[in-house]
Amino acid sequence: MLLGGVIANALVASTLIGLAAWHLTHGYPHSPALVSLLFGASVSEVLVVISNLWPRRITGQGNITATDGQHFVDLCKAKDFNSKALSQHFNVEYRELMAQGRFSEGLRRCEQRRLQYPHDPMLLGQLLHAAERADGARAAFDTYRAHIGEIEAKDLQSLAWVKANGAWHALLTDDPALLGEAAALSEEAFEVLPSVPEIRGTRGAYHARAGHHERALPMLLDGVRKADDKIDRADFARFLAECHEGLAKLEIAAELRKLSEHFRALAQAPARY
């Protein structure tokens, strides 16, 4: 599966090179434009192959976390293929449940899996996400407090995501008593992953609540424009509206609240398959 895409690219490149070679050997008169086009297209396909097979991690680009080459390296190094397969199956199932709005079912599946893997930071993040959608932000933040001490994350980026989750749900509770925790957690996450839209938006949401409206604006704009989850984008837009209200730009704030409602309506619309 991992090599299927690049094999197709390689076949296309081979075909194009073969056509160019045949034209140079048998075609007369030779067409420099055709040869250039064929070789240019083949080089493009080769570059795609190299880009996909080059092992590297990716952050801040939707659901893509690594190239096919990195996944292939991880697969070759994996000692427990069955565990890897079960993990991938769970992740796909979780995404589908969230996309279909079956939040309580997704929460139940996360809780069942957390009992098996209590130290997994990614799984805790999924659990918090499902808890907020099923039972509200306070339930998610209480879950964060209850289980963050169990996390064993050597990878600072994974830990940053969990802390950003904690900060985000603290802010969504609208509880002023949690603002200090939101400040500390969002700052720690931002220091590790300052360019990720969701983490920038979370830090911006803290600044909005703290009254630092000018500092919050560019961060929240990134969240509204680039975050993948529509409900998160709706909440970022709501915080952005608060910023403009704080700056006495009431007309812009009103439009942003409408945008927030629009994103939320899109997120709650039935999924189409």
# chains A, B, ... in the order shown; residues from 1 in each chain; ligands from 1

$ residues_around --residues "Cys110 in chain A" --least-positions-apart "2" --cutoff "8 Å" --atoms "only C-alpha atoms" --output "PyMOL selection string"
chain A and resi 94+106-108+112-114+123+126-127+130

$ write_last_selection --atoms "C-alpha atoms" --output "PDB file, in the first residue's frame"
ATOM      1  CA  TYR A  94     -11.937   7.071  15.623  1.00  0.00           C
ATOM      2  CA  GLY A 106     -15.931   7.573  20.012  1.00  0.00           C
ATOM      3  CA  LEU A 107     -15.406   8.482  23.673  1.00  0.00           C
ATOM      4  CA  ARG A 108     -16.236   4.957  24.763  1.00  0.00           C
ATOM      5  CA  GLN A 112     -11.438   1.267  26.266  1.00  0.00           C
ATOM      6  CA  ARG A 113      -8.188   1.715  24.387  1.00  0.00           C
ATOM      7  CA  ARG A 114      -6.699   3.996  27.084  1.00  0.00           C
ATOM      8  CA  LEU A 123      -4.440   8.578  22.649  1.00  0.00           C
ATOM      9  CA  GLN A 126      -8.021  11.775  21.156  1.00  0.00           C
ATOM     10  CA  LEU A 127      -9.764  11.040  24.448  1.00  0.00           C
ATOM     11  CA  ALA A 130     -14.008  13.017  22.165  1.00  0.00           C
TER      12      ALA A 130
END

$ residues_around --residues "Val43 in chain A" --least-positions-apart "2" --cutoff "12 Å" --atoms "only C-alpha atoms" --output "PDB file with N, CA and C atoms, in the first residue's frame"
ATOM      1  N   ASN A   9       3.915   6.339 -10.057  1.00  0.00           N
ATOM      2  CA  ASN A   9       4.701   7.475 -10.558  1.00  0.00           C
ATOM      3  C   ASN A   9       5.912   6.999 -11.349  1.00  0.00           C
ATOM      4  N   ALA A  10       6.570   5.946 -10.857  1.00  0.00           N
ATOM      5  CA  ALA A  10       7.753   5.414 -11.538  1.00  0.00           C
ATOM      6  C   ALA A  10       7.382   4.838 -12.903  1.00  0.00           C
ATOM      7  N   VAL A  12       4.841   5.784 -14.783  1.00  0.00           N
ATOM      8  CA  VAL A  12       4.546   6.922 -15.663  1.00  0.00           C
ATOM      9  C   VAL A  12       5.846   7.541 -16.171  1.00  0.00           C
ATOM     10  N   ALA A  13       6.819   7.734 -15.250  1.00  0.00           N
ATOM     11  CA  ALA A  13       8.111   8.313 -15.651  1.00  0.00           C
ATOM     12  C   ALA A  13       8.815   7.429 -16.669  1.00  0.00           C
ATOM     13  N   SER A  14       8.776   6.102 -16.448  1.00  0.00           N
ATOM     14  CA  SER A  14       9.425   5.173 -17.378  1.00  0.00           C
ATOM     15  C   SER A  14       8.773   5.230 -18.755  1.00  0.00           C
ATOM     16  N   THR A  15       7.440   5.320 -18.764  1.00  0.00           N
ATOM     17  CA  THR A  15       6.718   5.399 -20.041  1.00  0.00           C
ATOM     18  C   THR A  15       7.080   6.670 -20.795  1.00  0.00           C
ATOM     19  N   LEU A  16       7.138   7.792 -20.079  1.00  0.00           N
ATOM     20  CA  LEU A  16       7.475   9.065 -20.722  1.00  0.00           C
ATOM     21  C   LEU A  16       8.895   9.056 -21.277  1.00  0.00           C
ATOM     22  N   ILE A  17       9.827   8.503 -20.504  1.00  0.00           N
ATOM     23  CA  ILE A  17      11.212   8.420 -20.976  1.00  0.00           C
ATOM     24  C   ILE A  17      11.302   7.505 -22.191  1.00  0.00           C
ATOM     25  N   SER A  36      11.349  17.884 -24.963  1.00  0.00           N
ATOM     26  CA  SER A  36      11.450  18.666 -23.724  1.00  0.00           C
ATOM     27  C   SER A  36      10.249  18.423 -22.822  1.00  0.00           C
ATOM     28  N   LEU A  37       9.064  18.362 -23.449  1.00  0.00           N
ATOM     29  CA  LEU A  37       7.847  18.127 -22.675  1.00  0.00           C
ATOM     30  C   LEU A  37       7.873  16.758 -22.002  1.00  0.00           C
ATOM     31  N   LEU A  38       8.279  15.729 -22.759  1.00  0.00           N
ATOM     32  CA  LEU A  38       8.311  14.366 -22.202  1.00  0.00           C
ATOM     33  C   LEU A  38       9.336  14.238 -21.087  1.00  0.00           C
ATOM     34  N   PHE A  39      10.534  14.772 -21.312  1.00  0.00           N
ATOM     35  CA  PHE A  39      11.564  14.680 -20.272  1.00  0.00           C
ATOM     36  C   PHE A  39      11.199  15.534 -19.058  1.00  0.00           C
ATOM     37  N   GLY A  40      10.589  16.715 -19.292  1.00  0.00           N
ATOM     38  CA  GLY A  40      10.168  17.546 -18.156  1.00  0.00           C
ATOM     39  C   GLY A  40       9.121  16.856 -17.313  1.00  0.00           C
ATOM     40  N   ALA A  41       8.145  16.219 -17.964  1.00  0.00           N
ATOM     41  CA  ALA A  41       7.107  15.503 -17.229  1.00  0.00           C
ATOM     42  C   ALA A  41       7.699  14.316 -16.474  1.00  0.00           C
ATOM     43  N   GLU A  45       7.762  13.498 -12.359  1.00  0.00           N
ATOM     44  CA  GLU A  45       7.335  12.248 -11.717  1.00  0.00           C
ATOM     45  C   GLU A  45       8.440  11.699 -10.811  1.00  0.00           C
ATOM     46  N   VAL A  46       9.679  11.787 -11.253  1.00  0.00           N
ATOM     47  CA  VAL A  46      10.808  11.304 -10.438  1.00  0.00           C
ATOM     48  C   VAL A  46      10.914  12.108  -9.144  1.00  0.00           C
ATOM     49  N   LEU A  47      10.721  13.427  -9.241  1.00  0.00           N
ATOM     50  CA  LEU A  47      10.782  14.271  -8.043  1.00  0.00           C
ATOM     51  C   LEU A  47       9.668  13.919  -7.062  1.00  0.00           C
ATOM     52  N   VAL A  48       8.487  13.579  -7.576  1.00  0.00           N
ATOM     53  CA  VAL A  48       7.388  13.147  -6.706  1.00  0.00           C
ATOM     54  C   VAL A  48       7.768  11.867  -5.968  1.00  0.00           C
ATOM     55  N   VAL A  49       8.382  10.933  -6.684  1.00  0.00           N
ATOM     56  CA  VAL A  49       8.824   9.677  -6.064  1.00  0.00           C
ATOM     57  C   VAL A  49       9.826   9.959  -4.943  1.00  0.00           C
ATOM     58  N   ILE A  50      10.811  10.803  -5.241  1.00  0.00           N
ATOM     59  CA  ILE A  50      11.835  11.119  -4.232  1.00  0.00           C
ATOM     60  C   ILE A  50      11.198  11.800  -3.019  1.00  0.00           C
TER      61      ILE A  50
END

$ residues_around --residues "range 176-179 of chain A" --least-positions-apart "5" --cutoff "8 Å" --atoms "only C-alpha atoms" --output "ChimeraX atom specification"
/A:170-171,206,209-210

$ write_last_selection --atoms "N, CA and C atoms" --output "PDB file, in the first residue's frame"
ATOM      1  N   ALA A 170      -9.369  24.120  28.823  1.00  0.00           N
ATOM      2  CA  ALA A 170      -9.467  25.044  29.961  1.00  0.00           C
ATOM      3  C   ALA A 170     -10.102  26.362  29.504  1.00  0.00           C
ATOM      4  N   LEU A 171      -9.711  26.840  28.347  1.00  0.00           N
ATOM      5  CA  LEU A 171     -10.266  28.092  27.821  1.00  0.00           C
ATOM      6  C   LEU A 171     -11.732  27.942  27.434  1.00  0.00           C
ATOM      7  N   TYR A 206      -5.831  32.262  24.454  1.00  0.00           N
ATOM      8  CA  TYR A 206      -5.423  32.700  25.803  1.00  0.00           C
ATOM      9  C   TYR A 206      -5.194  34.209  25.828  1.00  0.00           C
ATOM     10  N   ARG A 209      -8.417  36.114  25.974  1.00  0.00           N
ATOM     11  CA  ARG A 209      -9.029  36.096  27.293  1.00  0.00           C
ATOM     12  C   ARG A 209      -8.256  36.961  28.291  1.00  0.00           C
ATOM     13  N   ALA A 210      -6.950  37.062  28.075  1.00  0.00           N
ATOM     14  CA  ALA A 210      -6.122  37.855  28.980  1.00  0.00           C
ATOM     15  C   ALA A 210      -6.152  39.341  28.641  1.00  0.00           C
TER      16      ALA A 210
END

$ closest_residue --among "A:Leu220, A:Lys230, A:Arg57, A:Leu3" --to "Glu261 in chain A" --atoms "only C-alpha atoms"
A:Lys230

$ closest_residue --among "A:Asp68, A:Glu93, A:Asp142, A:Asp228" --to "Leu128 in chain A" --atoms "only C-alpha atoms"
A:Asp142

$ residues_around --residues "Ile231 in chain A" --least-positions-apart "4" --cutoff "7 Å" --atoms "only C-alpha atoms" --output "PyMOL selection string"
chain A and resi 235+263-264+267

$ residues_around --residues "Pro194 in chain A" --least-positions-apart "3" --cutoff "12 Å" --atoms "only C-alpha atoms" --output "ChimeraX atom specification"
/A:59-60,157,160-161,164,186-191,197-204,219,222

$ write_last_selection --atoms "N, CA and C atoms" --output "compact mmCIF listing (two decimals), in the first residue's frame"
# COMPACT_ATOMS: atom_id res chain seq x y z
N THR A 59 4.53 18.10 10.35
CA THR A 59 3.61 18.65 11.35
C THR A 59 2.83 19.80 10.73
N GLY A 60 1.60 19.96 11.21
CA GLY A 60 0.80 21.11 10.81
C GLY A 60 0.23 21.04 9.42
N GLN A 157 7.20 16.95 20.91
CA GLN A 157 6.09 17.41 20.07
C GLN A 157 4.78 16.74 20.48
N ALA A 160 3.67 18.34 23.58
CA ALA A 160 3.17 19.69 23.31
C ALA A 160 1.72 19.66 22.85
N TRP A 161 1.38 18.68 22.02
CA TRP A 161 0.00 18.56 21.56
C TRP A 161 -0.95 18.29 22.72
N ALA A 164 -1.37 21.49 24.70
CA ALA A 164 -2.23 22.41 23.96
C ALA A 164 -3.69 22.00 24.10
N SER A 186 -0.47 26.58 27.27
CA SER A 186 -0.40 27.06 25.88
C SER A 186 0.98 27.60 25.56
N GLU A 187 1.64 28.22 26.54
CA GLU A 187 2.99 28.75 26.31
C GLU A 187 3.98 27.61 26.09
N GLU A 188 3.88 26.55 26.90
CA GLU A 188 4.79 25.41 26.74
C GLU A 188 4.60 24.75 25.38
N ALA A 189 3.35 24.60 24.95
CA ALA A 189 3.08 24.00 23.64
C ALA A 189 3.58 24.90 22.52
N PHE A 190 3.37 26.19 22.66
CA PHE A 190 3.76 27.16 21.62
C PHE A 190 5.27 27.21 21.45
N GLU A 191 6.02 27.05 22.53
CA GLU A 191 7.47 27.07 22.45
C GLU A 191 8.00 25.90 21.62
N PRO A 197 -1.06 25.72 13.24
CA PRO A 197 -2.23 26.61 13.37
C PRO A 197 -3.06 26.38 14.62
N GLU A 198 -3.32 25.12 14.97
CA GLU A 198 -4.15 24.84 16.14
C GLU A 198 -3.47 25.31 17.42
N ILE A 199 -2.16 25.16 17.49
CA ILE A 199 -1.44 25.59 18.70
C ILE A 199 -1.30 27.10 18.73
N ARG A 200 -1.09 27.71 17.57
CA ARG A 200 -1.08 29.17 17.51
C ARG A 200 -2.46 29.73 17.91
N GLY A 201 -3.51 29.09 17.41
CA GLY A 201 -4.85 29.55 17.76
C GLY A 201 -5.15 29.42 19.23
N THR A 202 -4.67 28.34 19.84
CA THR A 202 -4.87 28.13 21.28
C THR A 202 -4.15 29.21 22.08
N ARG A 203 -2.93 29.50 21.68
CA ARG A 203 -2.18 30.57 22.37
C ARG A 203 -2.88 31.91 22.15
N GLY A 204 -3.39 32.14 20.95
CA GLY A 204 -4.12 33.37 20.66
C GLY A 204 -5.39 33.47 21.49
N MET A 219 -2.56 35.18 15.64
CA MET A 219 -2.59 33.77 16.02
C MET A 219 -3.98 33.17 15.77
N ASP A 222 -4.74 32.57 12.08
CA ASP A 222 -4.18 31.30 11.60
C ASP A 222 -5.11 30.15 11.96

$ residues_around --residues "His23 in chain A" --least-positions-apart "3" --cutoff "12 Å" --atoms "only C-alpha atoms" --output "list of chain:residue names"
A:Leu16, A:Ile17, A:Gly18, A:Leu19, A:Ala20, A:His26, A:Gly27, A:Tyr28, A:Pro29, A:His30, A:Ser31, A:Pro32, A:Ala33, A:Leu34, A:Val35, A:Ser36, A:Leu38, A:Phe39

$ write_last_selection --atoms "N, CA and C atoms" --output "PDB file, in the first residue's frame"
ATOM      1  N   LEU A  16       7.138   7.792 -20.079  1.00  0.00           N
ATOM      2  CA  LEU A  16       7.475   9.065 -20.722  1.00  0.00           C
ATOM      3  C   LEU A  16       8.895   9.056 -21.277  1.00  0.00           C
ATOM      4  N   ILE A  17       9.827   8.503 -20.504  1.00  0.00           N
ATOM      5  CA  ILE A  17      11.212   8.420 -20.976  1.00  0.00           C
ATOM      6  C   ILE A  17      11.302   7.505 -22.191  1.00  0.00           C
ATOM      7  N   GLY A  18      10.526   6.390 -22.131  1.00  0.00           N
ATOM      8  CA  GLY A  18      10.520   5.475 -23.273  1.00  0.00           C
ATOM      9  C   GLY A  18       9.986   6.129 -24.534  1.00  0.00           C
ATOM     10  N   LEU A  19       8.917   6.922 -24.386  1.00  0.00           N
ATOM     11  CA  LEU A  19       8.364   7.634 -25.547  1.00  0.00           C
ATOM     12  C   LEU A  19       9.374   8.637 -26.114  1.00  0.00           C
ATOM     13  N   ALA A  20      10.068   9.346 -25.199  1.00  0.00           N
ATOM     14  CA  ALA A  20      11.064  10.317 -25.662  1.00  0.00           C
ATOM     15  C   ALA A  20      12.205   9.620 -26.392  1.00  0.00           C
ATOM     16  N   HIS A  26      13.423   6.919 -33.646  1.00  0.00           N
ATOM     17  CA  HIS A  26      12.673   6.609 -34.858  1.00  0.00           C
ATOM     18  C   HIS A  26      11.958   7.811 -35.473  1.00  0.00           C
ATOM     19  N   GLY A  27      11.738   8.829 -34.676  1.00  0.00           N
ATOM     20  CA  GLY A  27      10.976   9.960 -35.189  1.00  0.00           C
ATOM     21  C   GLY A  27      11.817  10.877 -36.066  1.00  0.00           C
ATOM     22  N   TYR A  28      11.239  11.337 -37.145  1.00  0.00           N
ATOM     23  CA  TYR A  28      11.950  12.300 -38.004  1.00  0.00           C
ATOM     24  C   TYR A  28      10.919  13.129 -38.762  1.00  0.00           C
ATOM     25  N   PRO A  29      11.016  14.432 -38.723  1.00  0.00           N
ATOM     26  CA  PRO A  29      12.068  15.185 -38.004  1.00  0.00           C
ATOM     27  C   PRO A  29      11.824  15.194 -36.496  1.00  0.00           C
ATOM     28  N   HIS A  30      12.899  15.342 -35.731  1.00  0.00           N
ATOM     29  CA  HIS A  30      12.784  15.392 -34.277  1.00  0.00           C
ATOM     30  C   HIS A  30      12.096  16.687 -33.849  1.00  0.00           C
ATOM     31  N   SER A  31      11.279  16.557 -32.793  1.00  0.00           N
ATOM     32  CA  SER A  31      10.588  17.729 -32.249  1.00  0.00           C
ATOM     33  C   SER A  31      11.190  18.085 -30.887  1.00  0.00           C
ATOM     34  N   PRO A  32      12.038  19.148 -30.838  1.00  0.00           N
ATOM     35  CA  PRO A  32      12.622  19.526 -29.541  1.00  0.00           C
ATOM     36  C   PRO A  32      11.565  19.845 -28.489  1.00  0.00           C
ATOM     37  N   ALA A  33      10.432  20.437 -28.902  1.00  0.00           N
ATOM     38  CA  ALA A  33       9.377  20.785 -27.951  1.00  0.00           C
ATOM     39  C   ALA A  33       8.785  19.528 -27.331  1.00  0.00           C
ATOM     40  N   LEU A  34       8.532  18.500 -28.174  1.00  0.00           N
ATOM     41  CA  LEU A  34       7.951  17.244 -27.652  1.00  0.00           C
ATOM     42  C   LEU A  34       8.922  16.545 -26.718  1.00  0.00           C
ATOM     43  N   VAL A  35      10.193  16.481 -27.102  1.00  0.00           N
ATOM     44  CA  VAL A  35      11.206  15.826 -26.260  1.00  0.00           C
ATOM     45  C   VAL A  35      11.332  16.556 -24.914  1.00  0.00           C
ATOM     46  N   SER A  36      11.349  17.884 -24.963  1.00  0.00           N
ATOM     47  CA  SER A  36      11.450  18.666 -23.724  1.00  0.00           C
ATOM     48  C   SER A  36      10.249  18.423 -22.822  1.00  0.00           C
ATOM     49  N   LEU A  38       8.279  15.729 -22.759  1.00  0.00           N
ATOM     50  CA  LEU A  38       8.311  14.366 -22.202  1.00  0.00           C
ATOM     51  C   LEU A  38       9.336  14.238 -21.087  1.00  0.00           C
ATOM     52  N   PHE A  39      10.534  14.772 -21.312  1.00  0.00           N
ATOM     53  CA  PHE A  39      11.564  14.680 -20.272  1.00  0.00           C
ATOM     54  C   PHE A  39      11.199  15.534 -19.058  1.00  0.00           C
TER      55      PHE A  39
END

$ select_by_dssp --residues "range 32-109 of chain A" --states "helix (DSSP H, G or I)" --output "ChimeraX atom specification"
/A:32-53,68-77,81-99,103-109
